[in-house]
$ cat start.txt   # compact mmCIF, C-alpha atoms and all ligand atoms
# COMPACT_ATOMS: atom_id res chain seq x y z
CA MET A 1 139.81 193.62 104.19
CA ILE A 2 139.49 191.72 107.45
CA ASN A 3 135.95 191.42 108.57
CA ILE A 4 136.03 192.26 112.30
CA LYS A 5 132.46 191.21 112.81
CA ALA A 6 133.11 187.78 111.34
CA ILE A 7 136.13 187.34 113.60
CA ARG A 8 134.03 188.30 116.65
CA VAL A 9 131.36 185.83 115.69
CA MET A 10 134.06 183.19 115.26
CA ILE A 11 135.54 183.90 118.72
CA VAL A 12 132.16 183.67 120.40
CA PHE A 13 131.51 180.44 118.52
CA LEU A 14 134.86 178.93 119.58
CA ALA A 15 134.37 180.02 123.20
CA ALA A 16 130.95 178.38 123.23
CA LEU A 17 132.52 175.18 121.92
CA THR A 18 135.07 174.99 124.74
CA ILE A 19 132.67 175.61 127.63
CA PRO A 20 130.87 172.26 127.60
CA SER A 21 134.09 170.28 127.26
CA VAL A 22 135.65 172.04 130.25
CA SER A 23 132.68 171.43 132.50
CA LEU A 24 132.55 167.82 131.35
CA ALA A 25 136.19 167.37 132.35
CA ASP A 26 135.40 168.95 135.71
CA LYS A 27 132.52 166.56 136.21
CA LYS A 28 134.75 163.60 135.45
CA GLU A 29 137.33 164.87 137.92
CA ASP A 30 134.62 165.42 140.56
CA ALA A 31 133.45 161.85 140.12
CA LYS A 32 136.95 160.43 140.51
CA ARG A 33 138.25 162.45 143.41
CA LEU A 34 136.86 162.89 146.90
CA PRO A 35 136.53 166.61 147.53
CA PRO A 36 139.60 167.93 149.39
CA ILE A 37 139.55 169.12 152.99
CA THR A 38 138.83 172.81 153.28
CA ASN A 39 138.40 173.36 157.02
CA ASP A 40 141.51 174.32 159.00
CA LEU A 41 140.03 173.48 162.38
CA TYR A 42 139.15 169.98 161.19
CA ARG A 43 142.69 169.66 159.83
CA LYS A 44 144.24 170.75 163.13
CA GLU A 45 142.03 168.88 165.61
CA CYS A 46 141.33 165.67 163.74
CA GLY A 47 144.66 165.30 161.99
CA ALA A 48 146.60 165.15 165.26
CA CYS A 49 146.25 161.38 165.67
CA HIS A 50 145.53 159.95 162.23
CA PHE A 51 145.00 160.41 158.50
CA LEU A 52 142.47 163.14 157.67
CA TYR A 53 139.47 161.30 156.27
CA GLN A 54 137.58 163.23 153.61
CA PRO A 55 134.05 164.07 154.82
CA GLY A 56 132.69 162.37 151.67
CA LEU A 57 133.70 158.98 153.07
CA LEU A 58 130.77 158.74 155.51
CA PRO A 59 127.11 159.74 155.63
CA GLU A 60 126.07 162.78 157.62
CA ARG A 61 124.52 160.71 160.41
CA SER A 62 127.86 158.94 160.96
CA TRP A 63 129.77 162.22 161.35
CA ILE A 64 127.19 163.51 163.80
CA LYS A 65 127.49 160.33 165.86
CA ILE A 66 131.30 160.54 165.82
CA MET A 67 131.28 164.21 166.82
CA ASP A 68 128.76 163.62 169.62
CA THR A 69 130.81 160.80 171.18
CA LEU A 70 134.35 162.24 171.05
CA ASP A 71 134.93 161.51 174.75
CA LYS A 72 134.80 157.81 173.85
CA HIS A 73 136.60 157.85 170.51
CA PHE A 74 138.02 154.40 169.72
CA GLY A 75 139.61 154.13 173.16
CA GLU A 76 140.77 157.76 173.19
CA ASP A 77 139.35 160.93 174.67
CA ALA A 78 139.22 163.30 171.67
CA SER A 79 136.86 165.82 173.32
CA LEU A 80 136.78 169.42 172.07
CA ASP A 81 135.21 172.59 173.44
CA THR A 82 131.64 173.19 172.26
CA ALA A 83 132.49 175.86 169.66
CA ALA A 84 135.18 173.74 167.97
CA LYS A 85 133.04 170.63 168.11
CA GLU A 86 130.08 172.43 166.52
CA GLU A 87 132.20 173.99 163.76
CA ILE A 88 133.77 170.66 162.78
CA LYS A 89 130.46 168.84 163.03
CA LYS A 90 128.84 171.39 160.71
CA TYR A 91 131.73 171.16 158.24
CA LEU A 92 131.58 167.34 158.15
CA ALA A 93 127.78 167.29 157.87
CA GLN A 94 127.76 169.85 155.05
CA ASN A 95 130.36 167.89 153.06
CA SER A 96 129.26 164.35 153.87
CA ALA A 97 128.89 161.54 151.31
CA GLU A 98 125.33 162.68 150.49
CA LYS A 99 126.70 166.01 149.22
CA SER A 100 129.69 164.63 147.32
CA ALA A 101 129.79 164.09 143.55
CA ALA A 102 132.47 161.41 143.95
CA LYS A 103 131.72 157.90 142.72
CA ARG A 104 133.22 156.43 145.93
CA SER A 105 130.89 158.46 148.12
CA LYS A 106 127.87 157.14 146.25
CA LYS A 107 129.15 153.57 146.51
CA ILE A 108 129.85 153.87 150.23
CA LEU A 109 126.40 155.36 150.80
CA SER A 110 124.50 152.76 148.83
CA SER A 111 126.36 149.95 150.61
CA ILE A 112 125.15 151.07 154.06
CA LYS A 113 121.74 149.98 155.34
CA SER A 114 119.52 152.93 156.21
CA SER A 115 119.11 151.45 159.71
CA SER A 116 122.86 151.51 160.39
CA THR A 117 125.15 154.39 161.37
CA PRO A 118 128.75 153.20 160.99
CA VAL A 119 131.42 155.18 162.85
CA ARG A 120 134.21 153.56 160.85
CA ILE A 121 134.78 154.08 157.12
CA SER A 122 136.75 150.84 157.21
CA GLU A 123 133.65 148.96 158.40
CA THR A 124 131.27 150.13 155.68
CA PRO A 125 130.34 147.24 153.35
CA TYR A 126 131.82 148.91 150.25
CA ILE A 127 135.23 149.52 151.85
CA GLN A 128 135.17 146.05 153.44
CA SER A 129 134.46 144.36 150.12
CA LYS A 130 137.22 146.34 148.38
CA HIS A 131 139.75 145.05 150.95
CA ARG A 132 138.48 141.50 151.32
CA LYS A 133 141.51 140.03 149.52
CA ILE A 134 144.04 141.56 151.94
CA TYR A 135 145.26 139.22 154.69
CA LYS A 136 144.66 140.53 158.22
CA GLU A 137 148.40 140.09 158.97
CA VAL A 138 149.24 142.81 156.43
CA TYR A 139 147.60 145.44 158.65
CA LYS A 140 149.93 144.51 161.51
CA ARG A 141 153.01 145.70 159.60
CA GLU A 142 154.92 148.48 161.37
CA SER A 143 154.25 151.16 158.76
CA ILE A 144 150.57 150.27 158.38
CA LYS A 145 149.27 149.26 161.84
CA SER A 146 145.59 149.46 160.86
CA ILE A 147 143.20 149.48 157.92
CA ALA A 148 142.21 152.94 159.20
CA ASN A 149 145.64 154.17 158.05
CA CYS A 150 144.49 154.69 154.44
CA ILE A 151 147.53 156.77 153.42
CA ALA A 152 149.94 153.92 154.26
CA CYS A 153 148.83 152.11 151.10
CA HIS A 154 146.89 154.69 149.11
CA LYS A 155 149.73 157.05 148.20
CA THR A 156 147.37 159.78 146.99
CA ALA A 157 144.69 159.40 149.68
CA ASP A 158 145.40 162.94 150.91
CA GLU A 159 144.38 164.21 147.46
CA GLY A 160 141.16 162.25 147.66
CA LEU A 161 142.35 159.68 145.11
CA TYR A 162 141.93 155.98 145.93
CA GLU A 163 142.45 154.62 142.40
CA ASP A 164 144.01 151.19 141.90
CA ASP A 165 147.08 152.69 140.17
CA ASN A 166 148.08 154.67 143.27
CA ILE A 167 148.18 151.76 145.71
CA GLU A 168 151.37 150.33 147.13
CA ILE A 169 151.27 148.00 150.13
CA PRO A 170 154.42 148.53 152.26
CA LYS A 171 156.42 145.34 152.82
CA LYS A 172 157.22 146.17 156.47
C1 LIG B 1 143.59 161.54 170.52
C2 LIG B 1 143.70 160.96 169.19
C3 LIG B 1 142.56 161.17 168.22
C4 LIG B 1 142.00 162.37 167.81
C5 LIG B 1 142.34 163.78 168.28
C6 LIG B 1 141.00 162.02 166.83
N1 LIG B 1 140.97 160.68 166.61
FE1 LIG B 1 139.81 159.71 165.27
N2 LIG B 1 140.62 157.95 165.85
C7 LIG B 1 141.57 157.77 166.84
C8 LIG B 1 141.88 156.37 166.97
C9 LIG B 1 142.89 155.76 167.93
C10 LIG B 1 141.09 155.68 165.99
C11 LIG B 1 141.09 154.20 165.68
C12 LIG B 1 142.19 153.97 164.64
C13 LIG B 1 142.39 152.53 164.27
O1 LIG B 1 141.49 151.72 164.43
O2 LIG B 1 143.47 152.23 163.77
C14 LIG B 1 140.33 156.72 165.32
C15 LIG B 1 139.45 156.46 164.27
C16 LIG B 1 138.67 157.39 163.63
C17 LIG B 1 137.73 157.09 162.55
C18 LIG B 1 137.43 155.71 161.97
C19 LIG B 1 138.49 155.26 160.97
C20 LIG B 1 138.10 153.96 160.29
O3 LIG B 1 137.48 154.03 159.23
O4 LIG B 1 138.39 152.88 160.83
C21 LIG B 1 137.15 158.27 162.20
C22 LIG B 1 136.12 158.47 161.12
C23 LIG B 1 137.72 159.30 163.04
N3 LIG B 1 138.66 158.74 163.88
C24 LIG B 1 137.37 160.63 162.98
C25 LIG B 1 137.92 161.62 163.81
C26 LIG B 1 137.49 163.00 163.83
C27 LIG B 1 136.35 163.56 163.00
C28 LIG B 1 138.29 163.65 164.73
C29 LIG B 1 138.25 165.11 165.12
C30 LIG B 1 137.05 165.57 165.76
C31 LIG B 1 139.21 162.66 165.29
N4 LIG B 1 138.96 161.45 164.71
C32 LIG B 1 140.19 162.96 166.21
C33 LIG B 1 142.16 158.78 167.57
C34 LIG B 1 141.90 160.12 167.45
C1 LIG B 2 147.08 147.66 153.67
C2 LIG B 2 146.89 148.66 152.64
C3 LIG B 2 145.57 149.41 152.58
C4 LIG B 2 144.99 150.22 153.53
C5 LIG B 2 145.52 150.53 154.91
C6 LIG B 2 143.78 150.73 152.95
N1 LIG B 2 143.62 150.24 151.68
FE1 LIG B 2 142.13 150.70 150.37
N2 LIG B 2 142.83 149.30 149.07
C7 LIG B 2 144.02 148.61 149.22
C8 LIG B 2 144.17 147.70 148.08
C9 LIG B 2 145.33 146.73 147.85
C10 LIG B 2 143.03 147.90 147.25
C11 LIG B 2 142.71 147.22 145.94
C12 LIG B 2 142.03 145.92 146.23
C13 LIG B 2 141.67 145.18 144.97
O1 LIG B 2 141.61 145.79 143.90
O2 LIG B 2 141.43 144.00 145.10
C14 LIG B 2 142.22 148.93 147.92
C15 LIG B 2 141.04 149.43 147.40
C16 LIG B 2 140.38 150.54 147.87
C17 LIG B 2 139.31 151.23 147.21
C18 LIG B 2 138.74 150.86 145.85
C19 LIG B 2 139.67 151.38 144.76
C20 LIG B 2 139.20 151.06 143.38
O3 LIG B 2 139.77 151.61 142.43
O4 LIG B 2 138.24 150.30 143.22
C21 LIG B 2 138.95 152.29 147.99
C22 LIG B 2 137.88 153.32 147.70
C23 LIG B 2 139.79 152.25 149.17
N3 LIG B 2 140.64 151.18 149.06
C24 LIG B 2 139.71 153.14 150.22
C25 LIG B 2 140.43 153.00 151.41
C26 LIG B 2 140.21 153.81 152.58
C27 LIG B 2 139.20 154.94 152.67
C28 LIG B 2 141.08 153.37 153.53
C29 LIG B 2 141.21 153.84 154.95
C30 LIG B 2 139.98 153.87 155.75
C31 LIG B 2 141.87 152.29 152.94
N4 LIG B 2 141.43 152.08 151.66
C32 LIG B 2 142.89 151.59 153.58
C33 LIG B 2 144.92 148.72 150.25
C34 LIG B 2 144.70 149.42 151.42
$ encode --input "start.txt" --output "structure tokens"
Amino acid sequence: MINIKAIRVMIVFLAALTIPSVSLADKKEDAKRLPPITNDLYRKECGACHFLYQPGLLPERSWIKIMDTLDKHFGEDASLDTAAKEEIKKYLAQNSAEKSAAKRSKKILSSIKSSSTPVRISETPYIQSKHRKIYKEVYKRESIKSIANCIACHKTADEGLYEDDNIEIPKK
């Protein structure tokens, strides 16, 4: 006769075994990948001119500075109405590098002096050091134009993945 109770105990035991391994895999994935963009207004307003940087690429104070100086945004006027500005600012602040479980976020953060508030991801010491071997001329190529154009070389940047294996520098 099949012992139902024994089977139940077995199922509970097996379920318990799988739980830790799943959450461990999740943790590993969280460490590898910058959390994806979840705010539609950010997507719409900030994606109009360039690649959508994940909020985990800069500290909170940097996002606040960027959002409070949109009228003088790298030579452009990127001003928004107060409601939109406040929503995006809140989203970026709540998902900044300090709140991210990604390894890159931690490295970017620890590379920045507490006295400095960079407004460019590309000028943070960690990102600078990672790109130090690239000749300046490379950024002038038609399909790249700037180091700020992460997705030109990092093919999976929009998924929050900046791994070495997903990089391809365009020849033109
Ligand atoms: C009107 C166009 C425009 C809009 C809209 C715009 N930006 Fe920009 N942004 C720029 C330009 C131009 C640069 C400089 C790019 C370069 O150096 O190649 C830039 C650069 C940046 C950088 C620095 C990139 C780096 O690491 O070098 C950040 C961060 C940034 N923008 C965030 C935002 C956010 C947040 C918004 C939405 C509130 C936004 N941008 C909307 C034009 C725009
Ligand atoms: C011209 C192409 C190019 C552009 C544009 C570019 N990168 Fe990179 N990036 C590279 C290359 C090549 C490497 C690997 C350098 C090495 O290993 O020596 C790299 C390395 C990195 C790394 C480290 C990856 C690792 O596995 O250690 C990060 C993180 C990164 N880039 C983020 C960015 C971000 C964020 C932007 C945009 C603000 C950006 N990159 C723009 C080419 C580029």
$ closest_residue --input "start.txt" --among "A:His131, A:Arg33, A:Lys140, A:Lys99" --to "ligand LIG 2 (chain B)" --atoms "all atoms listed in the file"
A:His131
$ atom_distance --input "start.txt" --atom1 "CA of Leu57 in chain A" --atom2 "CA of Ile134 in chain A"
20.3 Å
$ axis_aligned_box --input "start.txt" --around "ligand LIG 2 (chain B)" --padding-each-side "6 Å" --output "lines of an AutoDock Vina configuration file"
center_x = 142.5
center_y = 149.5
center_z = 149.1
size_x = 21.2
size_y = 22.9
size_z = 25.3
$ residues_near_ligand --input "start.txt" --ligand "ligand LIG 1 (chain B)" --cutoff "10 Å" --atoms "all atoms listed in the file" --output "PyMOL selection string"
chain A and resi 41-55+57-58+62-80+84-89+92+118-124+127+139+144-150
$ atom_distance --input "start.txt" --atom1 "CA of Cys153 in chain A" --atom2 "CA of Thr117 in chain A"
25.9 Å
$ closest_residue --input "start.txt" --among "A:Ala25, A:Ile151, A:Ala102, A:Ile169" --to "Val138 in chain A" --atoms "all atoms listed in the file"
A:Ile169
$ residues_around --input "start.txt" --residues "range 107-112 of chain A" --least-positions-apart "2" --cutoff "6 Å" --atoms "all atoms listed in the file" --output "list in words"
Arg104, Ser105, Pro125 and Tyr126 of chain A
